[in-house]
file my_file21.cif (mmCIF, C-alpha atoms)
data_work
loop_
_atom_site.group_PDB
_atom_site.id
_atom_site.type_symbol
_atom_site.label_atom_id
_atom_site.label_comp_id
_atom_site.auth_asym_id
_atom_site.auth_seq_id
_atom_site.Cartn_x
_atom_site.Cartn_y
_atom_site.Cartn_z
ATOM 1 C CA MET A 1 105.777 75.161 185.991
ATOM 2 C CA LEU A 2 102.892 76.517 183.894
ATOM 3 C CA TRP A 3 103.605 80.126 184.885
ATOM 4 C CA VAL A 4 107.291 79.667 184.054
ATOM 5 C CA VAL A 5 106.401 78.310 180.592
ATOM 6 C CA LEU A 6 103.971 81.182 180.020
ATOM 7 C CA ILE A 7 106.343 83.964 181.102
ATOM 8 C CA ALA A 8 109.512 82.554 179.512
ATOM 9 C CA THR A 9 107.741 81.798 176.223
ATOM 10 C CA SER A 10 106.245 85.285 176.085
ATOM 11 C CA ALA A 11 109.512 87.012 176.980
ATOM 12 C CA LEU A 12 111.538 85.018 174.458
ATOM 13 C CA CYS A 13 109.026 85.361 171.639
ATOM 14 C CA PHE A 14 108.824 89.125 172.179
ATOM 15 C CA ALA A 15 112.615 89.447 172.402
ATOM 16 C CA ILE A 16 112.938 87.592 169.086
ATOM 17 C CA LYS A 17 110.494 89.993 167.444
ATOM 18 C CA LEU A 18 112.271 93.040 168.876
ATOM 19 C CA VAL A 19 115.679 91.766 167.735
ATOM 20 C CA GLY A 20 114.325 91.639 164.179
ATOM 21 C CA HIS A 21 113.323 95.302 164.441
ATOM 22 C CA SER A 22 116.616 96.376 166.017
ATOM 23 C CA VAL A 23 119.568 94.660 164.342
ATOM 24 C CA PRO A 24 121.199 95.778 161.112
ATOM 25 C CA GLU A 25 119.941 93.772 158.145
ATOM 26 C CA ARG A 26 123.272 92.125 157.409
ATOM 27 C CA TRP A 27 123.357 90.353 160.794
ATOM 28 C CA LEU A 28 120.819 87.774 159.747
ATOM 29 C CA ALA A 29 121.729 87.776 156.072
ATOM 30 C CA ASN A 30 123.725 84.541 156.326
ATOM 31 C CA ALA A 31 122.384 82.302 153.542
ATOM 32 C CA ARG A 32 122.668 79.053 155.491
ATOM 33 C CA LEU A 33 120.871 80.548 158.491
ATOM 34 C CA GLN A 34 118.062 81.753 156.243
ATOM 35 C CA ARG A 35 117.669 78.376 154.526
ATOM 36 C CA ILE A 36 117.483 76.556 157.863
ATOM 37 C CA ASN A 37 115.171 79.146 159.346
ATOM 38 C CA ALA A 38 112.767 78.788 156.422
ATOM 39 C CA LEU A 39 112.586 75.024 156.997
ATOM 40 C CA ILE A 40 112.179 75.104 160.792
ATOM 41 C CA PRO A 41 108.428 75.798 160.818
ATOM 42 C CA ILE A 42 107.861 72.934 158.382
ATOM 43 C CA ALA A 43 109.906 70.461 160.449
ATOM 44 C CA LEU A 44 108.491 71.537 163.827
ATOM 45 C CA LEU A 45 104.863 71.795 162.746
ATOM 46 C CA SER A 46 105.052 68.375 161.054
ATOM 47 C CA ALA A 47 106.612 66.963 164.215
ATOM 48 C CA LEU A 48 103.810 68.517 166.271
ATOM 49 C CA VAL A 49 101.125 66.881 164.109
ATOM 50 C CA ILE A 50 102.597 63.489 164.994
ATOM 51 C CA ALA A 51 103.454 64.293 168.613
ATOM 52 C CA GLU A 52 99.902 65.509 169.271
ATOM 53 C CA GLY A 53 98.001 63.080 167.053
ATOM 54 C CA LEU A 54 99.861 59.782 167.378
ATOM 55 C CA VAL A 55 101.856 59.932 170.591
ATOM 56 C CA THR A 56 100.925 59.439 174.255
ATOM 57 C CA LYS A 57 103.809 60.014 176.698
ATOM 58 C CA ASN A 58 106.557 58.313 174.696
ATOM 59 C CA HIS A 59 104.622 55.663 172.828
ATOM 60 C CA VAL A 60 103.239 55.775 169.337
ATOM 61 C CA VAL A 61 99.509 55.145 169.853
ATOM 62 C CA VAL A 62 96.756 54.703 167.294
ATOM 63 C CA ASP A 63 93.418 55.919 168.696
ATOM 64 C CA HIS A 64 90.437 58.168 167.934
ATOM 65 C CA ARG A 65 92.774 61.093 167.236
ATOM 66 C CA LEU A 66 94.100 59.408 164.094
ATOM 67 C CA ALA A 67 90.534 59.181 162.731
ATOM 68 C CA GLY A 68 90.271 62.931 163.348
ATOM 69 C CA LEU A 69 93.582 63.588 161.573
ATOM 70 C CA ALA A 70 92.455 61.480 158.606
ATOM 71 C CA ALA A 71 89.308 63.599 158.373
ATOM 72 C CA ALA A 72 91.435 66.774 158.507
ATOM 73 C CA LEU A 73 93.666 65.447 155.747
ATOM 74 C CA ALA A 74 90.644 64.607 153.586
ATOM 75 C CA ALA A 75 89.284 68.119 154.152
ATOM 76 C CA LEU A 76 92.630 69.675 153.182
ATOM 77 C CA PHE A 77 92.780 67.610 149.995
ATOM 78 C CA ALA A 78 89.269 68.817 149.191
ATOM 79 C CA LYS A 79 90.633 72.400 149.614
ATOM 80 C CA ALA A 80 88.305 73.054 152.543
ATOM 81 C CA PRO A 81 88.873 76.296 154.491
ATOM 82 C CA PHE A 82 90.677 76.057 157.821
ATOM 83 C CA PRO A 83 87.640 76.087 160.147
ATOM 84 C CA VAL A 84 86.140 73.127 158.265
ATOM 85 C CA VAL A 85 89.422 71.203 158.627
ATOM 86 C CA VAL A 86 89.544 71.603 162.411
ATOM 87 C CA ILE A 87 85.841 70.958 162.948
ATOM 88 C CA ALA A 88 85.944 67.844 160.715
ATOM 89 C CA ALA A 89 88.809 66.505 162.822
ATOM 90 C CA ALA A 90 87.056 67.244 166.123
ATOM 91 C CA VAL A 91 83.687 65.754 165.097
ATOM 92 C CA THR A 92 85.237 62.594 163.618
ATOM 93 C CA SER A 93 87.502 62.066 166.600
ATOM 94 C CA ALA A 94 84.667 62.595 169.102
ATOM 95 C CA LEU A 95 82.441 60.147 167.195
ATOM 96 C CA VAL A 96 85.103 57.429 167.196
ATOM 97 C CA TYR A 97 85.829 58.142 170.874
ATOM 98 C CA HIS A 98 82.190 57.609 171.849
ATOM 99 C CA LEU A 99 81.641 54.580 169.582
ATOM 100 C CA HIS A 100 84.574 52.878 171.171
ATOM 101 C CA MET B 1 87.905 93.294 152.033
ATOM 102 C CA ARG B 2 87.098 89.639 151.336
ATOM 103 C CA ASP B 3 90.694 88.793 152.200
ATOM 104 C CA ALA B 4 90.409 90.663 155.489
ATOM 105 C CA LEU B 5 87.207 88.807 156.315
ATOM 106 C CA SER B 6 88.766 85.433 155.557
ATOM 107 C CA VAL B 7 91.852 86.304 157.643
ATOM 108 C CA ALA B 8 89.588 87.374 160.515
ATOM 109 C CA LEU B 9 87.502 84.188 160.332
ATOM 110 C CA THR B 10 90.576 81.974 160.232
ATOM 111 C CA VAL B 11 92.183 83.800 163.147
ATOM 112 C CA SER B 12 88.952 83.454 165.135
ATOM 113 C CA VAL B 13 88.814 79.685 164.703
ATOM 114 C CA TYR B 14 92.525 79.358 165.487
ATOM 115 C CA GLY B 15 91.988 81.509 168.560
ATOM 116 C CA VAL B 16 89.157 79.302 169.813
ATOM 117 C CA ALA B 17 91.279 76.212 169.062
ATOM 118 C CA PHE B 18 94.225 77.694 170.968
ATOM 119 C CA GLY B 19 92.144 78.661 173.988
ATOM 120 C CA ALA B 20 90.656 75.172 174.100
ATOM 121 C CA ALA B 21 94.023 73.453 173.610
ATOM 122 C CA SER B 22 95.615 75.585 176.317
ATOM 123 C CA VAL B 23 92.917 74.752 178.879
ATOM 124 C CA ALA B 24 93.054 71.074 177.873
ATOM 125 C CA ALA B 25 96.819 71.182 178.554
ATOM 126 C CA GLY B 26 96.139 72.376 182.109
ATOM 127 C CA PHE B 27 96.550 76.153 181.815
ATOM 128 C CA SER B 28 93.890 78.336 183.437
ATOM 129 C CA VAL B 29 91.653 80.660 181.423
ATOM 130 C CA VAL B 30 93.672 83.670 182.657
ATOM 131 C CA GLN B 31 96.978 82.010 181.673
ATOM 132 C CA SER B 32 95.572 81.130 178.240
ATOM 133 C CA CYS B 33 94.518 84.747 177.678
ATOM 134 C CA LEU B 34 97.915 86.043 178.845
ATOM 135 C CA PHE B 35 99.568 83.725 176.319
ATOM 136 C CA SER B 36 97.655 85.353 173.498
ATOM 137 C CA LEU B 37 98.241 88.896 174.791
ATOM 138 C CA LEU B 38 101.951 88.525 175.570
ATOM 139 C CA THR B 39 103.301 85.785 173.306
ATOM 140 C CA PHE B 40 101.009 86.605 170.371
ATOM 141 C CA THR B 41 102.411 84.258 167.764
ATOM 142 C CA GLY B 42 100.092 81.361 167.072
ATOM 143 C CA ALA B 43 102.352 78.469 166.155
ATOM 144 C CA SER B 44 104.631 79.129 169.148
ATOM 145 C CA GLN B 45 101.683 79.265 171.538
ATOM 146 C CA PHE B 46 100.253 76.022 170.186
ATOM 147 C CA ALA B 47 103.700 74.403 170.472
ATOM 148 C CA ALA B 48 104.197 75.505 174.093
ATOM 149 C CA VAL B 49 100.838 74.169 175.278
ATOM 150 C CA GLY B 50 101.202 71.128 173.000
ATOM 151 C CA VAL B 51 104.491 70.083 174.597
ATOM 152 C CA VAL B 52 103.027 70.608 178.075
ATOM 153 C CA ALA B 53 99.956 68.538 177.093
ATOM 154 C CA SER B 54 102.159 65.687 175.880
ATOM 155 C CA GLY B 55 103.906 65.630 179.274
ATOM 156 C CA GLY B 56 107.098 67.319 178.113
ATOM 157 C CA ALA B 57 109.412 69.350 180.343
ATOM 158 C CA GLY B 58 108.881 73.091 180.681
ATOM 159 C CA ILE B 59 112.203 73.813 178.996
ATOM 160 C CA SER B 60 111.135 71.737 175.962
ATOM 161 C CA ALA B 61 107.924 73.736 175.698
ATOM 162 C CA ILE B 62 109.804 77.044 175.862
ATOM 163 C CA ALA B 63 112.466 75.935 173.352
ATOM 164 C CA ALA B 64 109.915 74.649 170.820
ATOM 165 C CA ALA B 65 107.977 77.921 171.057
ATOM 166 C CA ALA B 66 111.126 80.041 170.683
ATOM 167 C CA MET B 67 112.293 78.077 167.638
ATOM 168 C CA LEU B 68 108.940 78.533 165.947
ATOM 169 C CA GLY B 69 109.150 82.237 166.789
ATOM 170 C CA THR B 70 112.490 82.849 165.086
ATOM 171 C CA ARG B 71 110.871 83.593 161.738
ATOM 172 C CA ASN B 72 109.318 86.694 163.317
ATOM 173 C CA ALA B 73 112.855 88.121 163.654
ATOM 174 C CA LEU B 74 113.298 87.788 159.904
ATOM 175 C CA TYR B 75 109.929 89.480 159.364
ATOM 176 C CA GLY B 76 111.079 92.301 161.661
ATOM 177 C CA ILE B 77 114.217 92.805 159.597
ATOM 178 C CA GLN B 78 112.025 93.255 156.528
ATOM 179 C CA MET B 79 109.466 95.498 158.251
ATOM 180 C CA ALA B 80 111.769 97.830 160.243
ATOM 181 C CA PRO B 81 113.125 99.811 157.246
ATOM 182 C CA LEU B 82 109.569 100.141 155.934
ATOM 183 C CA LEU B 83 107.911 101.313 159.164
ATOM 184 C CA LYS B 84 110.788 103.515 160.459
ATOM 185 C CA VAL B 85 109.344 103.789 163.992
ATOM 186 C CA LYS B 86 111.073 104.458 167.311
ATOM 187 C CA GLY B 87 110.416 103.976 171.014
ATOM 188 C CA LEU B 88 107.020 102.691 172.135
ATOM 189 C CA LYS B 89 105.741 102.519 168.597
ATOM 190 C CA ARG B 90 108.588 100.181 167.746
ATOM 191 C CA VAL B 91 107.696 97.953 170.691
ATOM 192 C CA ALA B 92 104.104 97.824 169.424
ATOM 193 C CA ALA B 93 105.273 97.133 165.869
ATOM 194 C CA ALA B 94 107.512 94.322 167.102
ATOM 195 C CA GLN B 95 104.686 92.681 169.043
ATOM 196 C CA ILE B 96 102.391 92.593 165.984
ATOM 197 C CA THR B 97 105.130 91.371 163.617
ATOM 198 C CA ILE B 98 103.704 87.963 162.660
ATOM 199 C CA ASP B 99 102.918 85.894 159.529
ATOM 200 C CA GLU B 100 99.715 87.766 158.705
ATOM 201 C CA SER B 101 100.839 91.387 159.165
ATOM 202 C CA THR B 102 104.092 90.828 157.268
ATOM 203 C CA GLY B 103 102.316 88.852 154.554
ATOM 204 C CA VAL B 104 99.710 91.566 153.935
ATOM 205 C CA ALA B 105 102.353 94.354 154.031
ATOM 206 C CA LEU B 106 104.491 92.583 151.421
ATOM 207 C CA ALA B 107 101.445 91.879 149.250
ATOM 208 C CA GLN B 108 100.729 95.644 149.167
ATOM 209 C CA ALA B 109 104.163 96.385 147.657
ATOM 210 C CA PRO B 110 102.819 97.287 144.173
ATOM 211 C CA ARG B 111 100.686 100.054 145.780
ATOM 212 C CA GLY B 112 103.626 101.793 147.453
ATOM 213 C CA THR B 113 105.045 102.166 150.962
ATOM 214 C CA ASP B 114 102.027 103.953 152.464
ATOM 215 C CA ALA B 115 99.754 101.056 151.515
ATOM 216 C CA MET B 116 102.321 98.611 152.883
ATOM 217 C CA ARG B 117 102.484 100.426 156.234
ATOM 218 C CA LEU B 118 98.699 100.643 156.453
ATOM 219 C CA GLY B 119 98.421 96.933 155.612
ATOM 220 C CA PHE B 120 100.900 96.057 158.344
ATOM 221 C CA TRP B 121 99.241 98.084 161.111
ATOM 222 C CA LEU B 122 95.642 97.221 160.172
ATOM 223 C CA THR B 123 96.299 93.510 159.850
ATOM 224 C CA GLY B 124 98.498 93.355 162.941
ATOM 225 C CA THR B 125 96.050 95.157 165.234
ATOM 226 C CA GLY B 126 93.042 93.391 163.686
ATOM 227 C CA VAL B 127 94.557 89.961 164.235
ATOM 228 C CA PHE B 128 95.622 90.985 167.749
ATOM 229 C CA ILE B 129 92.048 91.891 168.704
ATOM 230 C CA PHE B 130 90.417 88.835 167.100
ATOM 231 C CA TRP B 131 93.070 86.434 168.385
ATOM 232 C CA ASN B 132 92.673 87.581 171.986
ATOM 233 C CA VAL B 133 88.882 87.752 172.023
ATOM 234 C CA PHE B 134 88.563 84.265 170.547
ATOM 235 C CA THR B 135 91.260 82.786 172.775
ATOM 236 C CA PHE B 136 89.106 83.820 175.721
ATOM 237 C CA ILE B 137 85.993 82.299 174.138
ATOM 238 C CA GLY B 138 87.841 79.045 173.397
ATOM 239 C CA ALA B 139 89.421 78.818 176.839
ATOM 240 C CA TYR B 140 86.216 79.657 178.678
ATOM 241 C CA GLY B 141 84.207 77.292 176.463
ATOM 242 C CA ALA B 142 86.642 74.401 176.904
ATOM 243 C CA LYS B 143 86.601 74.888 180.657
ATOM 244 C CA SER B 144 82.835 74.377 180.737
ATOM 245 C CA LEU B 145 82.935 71.448 178.265
ATOM 246 C CA GLY B 146 84.970 69.110 180.463
ATOM 247 C CA ASN B 147 86.771 66.066 179.018
ATOM 248 C CA PRO B 148 88.615 67.281 175.850
ATOM 249 C CA ALA B 149 88.528 63.861 174.124
ATOM 250 C CA SER B 150 84.754 63.744 174.415
ATOM 251 C CA TRP B 151 84.501 66.843 172.184
ATOM 252 C CA GLY B 152 87.301 65.903 169.809
ATOM 253 C CA LEU B 153 89.557 68.687 171.117
ATOM 254 C CA ASP B 154 92.532 66.320 171.390
ATOM 255 C CA ALA B 155 92.273 65.765 167.626
ATOM 256 C CA ALA B 156 91.539 69.409 166.819
ATOM 257 C CA VAL B 157 95.015 70.412 168.034
ATOM 258 C CA PRO B 158 97.062 68.163 165.678
ATOM 259 C CA ALA B 159 94.566 69.067 162.943
ATOM 260 C CA ALA B 160 95.338 72.742 163.622
ATOM 261 C CA PHE B 161 99.066 72.014 163.225
ATOM 262 C CA LEU B 162 98.297 70.170 159.999
ATOM 263 C CA GLY B 163 96.322 73.205 158.822
ATOM 264 C CA LEU B 164 99.271 75.463 159.706
ATOM 265 C CA VAL B 165 101.877 73.424 157.850
ATOM 266 C CA TRP B 166 99.743 72.427 154.832
ATOM 267 C CA PRO B 167 99.872 75.742 152.901
ATOM 268 C CA ARG B 168 103.672 75.823 153.350
ATOM 269 C CA LEU B 169 104.219 72.526 151.504
ATOM 270 C CA GLU B 170 104.381 74.183 148.110
ATOM 271 C CA THR B 171 107.107 72.068 146.477
ATOM 272 C CA MET B 172 108.121 68.403 146.441
ATOM 273 C CA TYR B 173 111.270 69.402 148.330
ATOM 274 C CA LEU B 174 109.301 70.985 151.186
ATOM 275 C CA ARG B 175 106.994 67.949 151.312
ATOM 276 C CA LEU B 176 110.090 65.781 151.642
ATOM 277 C CA VAL B 177 111.248 67.900 154.605
ATOM 278 C CA ALA B 178 107.824 67.455 156.251
ATOM 279 C CA ALA B 179 107.781 63.696 155.584
ATOM 280 C CA SER B 180 111.291 63.383 157.028
ATOM 281 C CA ALA B 181 110.239 65.224 160.187
ATOM 282 C CA VAL B 182 107.239 62.886 160.529
ATOM 283 C CA ALA B 183 109.444 59.804 160.098
ATOM 284 C CA PHE B 184 111.998 61.249 162.513
ATOM 285 C CA VAL B 185 109.435 61.786 165.292
ATOM 286 C CA LEU B 186 107.916 58.316 164.864
ATOM 287 C CA LEU B 187 111.405 56.835 165.045
ATOM 288 C CA VAL B 188 112.776 58.688 168.084
ATOM 289 C CA THR B 189 109.578 58.913 170.191
ATOM 290 C CA PRO B 190 110.157 55.636 172.103
ATOM 291 C CA TRP B 191 113.730 56.689 172.953
ATOM 292 C CA MET B 192 113.319 60.291 174.036
ATOM 293 C CA PRO B 193 111.526 62.007 176.923
ATOM 294 C CA ALA B 194 108.139 63.441 175.896
ATOM 295 C CA GLY B 195 108.364 66.769 174.112
ATOM 296 C CA LEU B 196 112.000 66.417 173.109
ATOM 297 C CA PRO B 197 111.324 64.842 169.667
ATOM 298 C CA ILE B 198 109.491 68.044 168.715
ATOM 299 C CA ILE B 199 112.534 70.242 169.344
ATOM 300 C CA ALA B 200 114.910 67.613 167.977
ATOM 301 C CA SER B 201 112.999 67.689 164.692
ATOM 302 C CA ALA B 202 114.721 71.049 164.082
ATOM 303 C CA LEU B 203 117.722 68.858 163.212
ATOM 304 C CA VAL B 204 115.792 67.769 160.124
ATOM 305 C CA ALA B 205 115.590 71.437 159.088
ATOM 306 C CA VAL B 206 119.309 71.891 159.790
ATOM 307 C CA GLY B 207 120.142 68.771 157.772
ATOM 308 C CA PHE B 208 118.124 69.868 154.754
ATOM 309 C CA GLY B 209 119.112 73.543 154.929
ATOM 310 C CA TRP B 210 122.839 73.053 155.555
ATOM 311 C CA ARG B 211 123.843 72.891 151.918
ATOM 312 C CA GLU B 212 122.536 74.845 148.995
ATOM 313 C CA ARG B 213 120.303 72.743 146.793
#
call {"tool": "encode", "arguments": {"input": "my_file21.cif", "output": "structure tokens"}}
result
Amino acid sequence: MLWVVLIATSALCFAIKLVGHSVPERWLANARLQRINALIPIALLSALVIAEGLVTKNHVVVDHRLAGLAAALAALFAKAPFPVVVIAAAVTSALVYHLH
Amino acid sequence: MRDALSVALTVSVYGVAFGAASVAAGFSVVQSCLFSLLTFTGASQFAAVGVVASGGAGISAIAAAAMLGTRNALYGIQMAPLLKVKGLKRVAAAQITIDESTGVALAQAPRGTDAMRLGFWLTGTGVFIFWNVFTFIGAYGAKSLGNPASWGLDAAVPAAFLGLVWPRLETMYLRLVAASAVAFVLLVTPWMPAGLPIIASALVAVGFGWRER
């Protein structure tokens, strides 16, 4: 299964890039398509924050990961650079995990 | 130069985070490195291994990654008339068409097309090298660390997604889209197989983008 995910993801992602370089501009000029496409990363990435930080299998679970996410959020509000955000989340989460 | 350094540093940390997340999801070090070489688009890679880690079906992982990759097609449409390359060079250009290379190329617009082209190729190849080297370091490191939760890696992955989406939330409207996606996932998670809520959240984007504001 893992090899299938790896190969199919790579093939599709490359094909998408190549399509962009190959089709005439007007093909993807549809205004609705562009509006939706601009919002997709925001919807999917937000969904992934929750799915990875608050979900186990198909239950909403509050555990050490949420403490890590809270630390990341605090770092983002403080305008910390990206590495600080991720490290703050990891350290906080690991601390809570071990204290528990 | 300072911008290039900050891009390189950010890509390095993301690369380590991806390598670690990929190994934590069950991929081998070799598979993790192949992801970065062949897929080479960060958010999609994170999504694919993220869905696998959450116990989702393979098809969900592939679909989530492909949907996050669609913006690269729009970047390609903008870059193709600028680069004007054919054959193998076009294949190479397509592979390095990502957020960073397109962003830098467009930012060079006031300095003319030569500067834009240079910005695209330099950033694209630079990110490619850094991303792959640091994926290996992250994957290899995570493999020797053992239990991901013990090192906070299971929180580093959602934090990385948060870091990816944060700079995009420029207006109240975009924040509303993000908040709706969050609410949507919390709501449907108990009713859907693992991984599916992530792809289904694209419906939130469709709902908001359907009509002109």
call {"tool": "resolve_selection", "arguments": {"input": "my_file21.cif", "expression": "the PyMOL selection byres ((chain B and resi 199) around 7)", "output": "VMD selection string"}}
result
(chain A and resid 44) or (chain B and resid 60 63 to 64 196 to 198 200 to 202)
call {"tool": "interface_residues", "arguments": {"input": "my_file21.cif", "of": "chain A", "to": "chain B", "cutoff": "7 Å", "atoms": "all atoms listed in the file", "output": "PyMOL selection string"}}
result
chain A and resi 1-2+5-6+8-10+12-14+16-21+25+32+35-37+39-50+52-53+56-60+65+68-69+72+82-83+86+89-91+93-94+97
call {"tool": "residues_around", "arguments": {"input": "my_file21.cif", "residues": "Arg117 of chain B", "least_positions_apart": "2", "cutoff": "9 Å", "atoms": "only C-alpha atoms", "output": "ChimeraX atom specification"}}
result
/B:79,82-83,105,108,112-115,119-122
call {"tool": "atom_distance", "arguments": {"input": "my_file21.cif", "atom1": "atom CA of Tyr140 of chain B", "atom2": "atom CA of Ala88 of chain A"}}
result
21.5 Å
call {"tool": "atom_distance", "arguments": {"input": "my_file21.cif", "atom1": "atom CA of Ala20 of chain B", "atom2": "atom CA of Gly42 of chain B"}}
result
13.3 Å
call {"tool": "atom_distance", "arguments": {"input": "my_file21.cif", "atom1": "atom CA of Leu106 of chain B", "atom2": "atom CA of Gly87 of chain B"}}
result
23.4 Å
call {"tool": "resolve_selection", "arguments": {"input": "my_file21.cif", "expression": "the PyMOL selection byres ((chain B and resi 132) around 8)", "output": "list in words"}}
result
Gly15, Cys33, Ser36, Leu37, Phe128, Ile129, Phe130, Trp131, Val133, Phe134, Thr135 and Phe136 of chain B
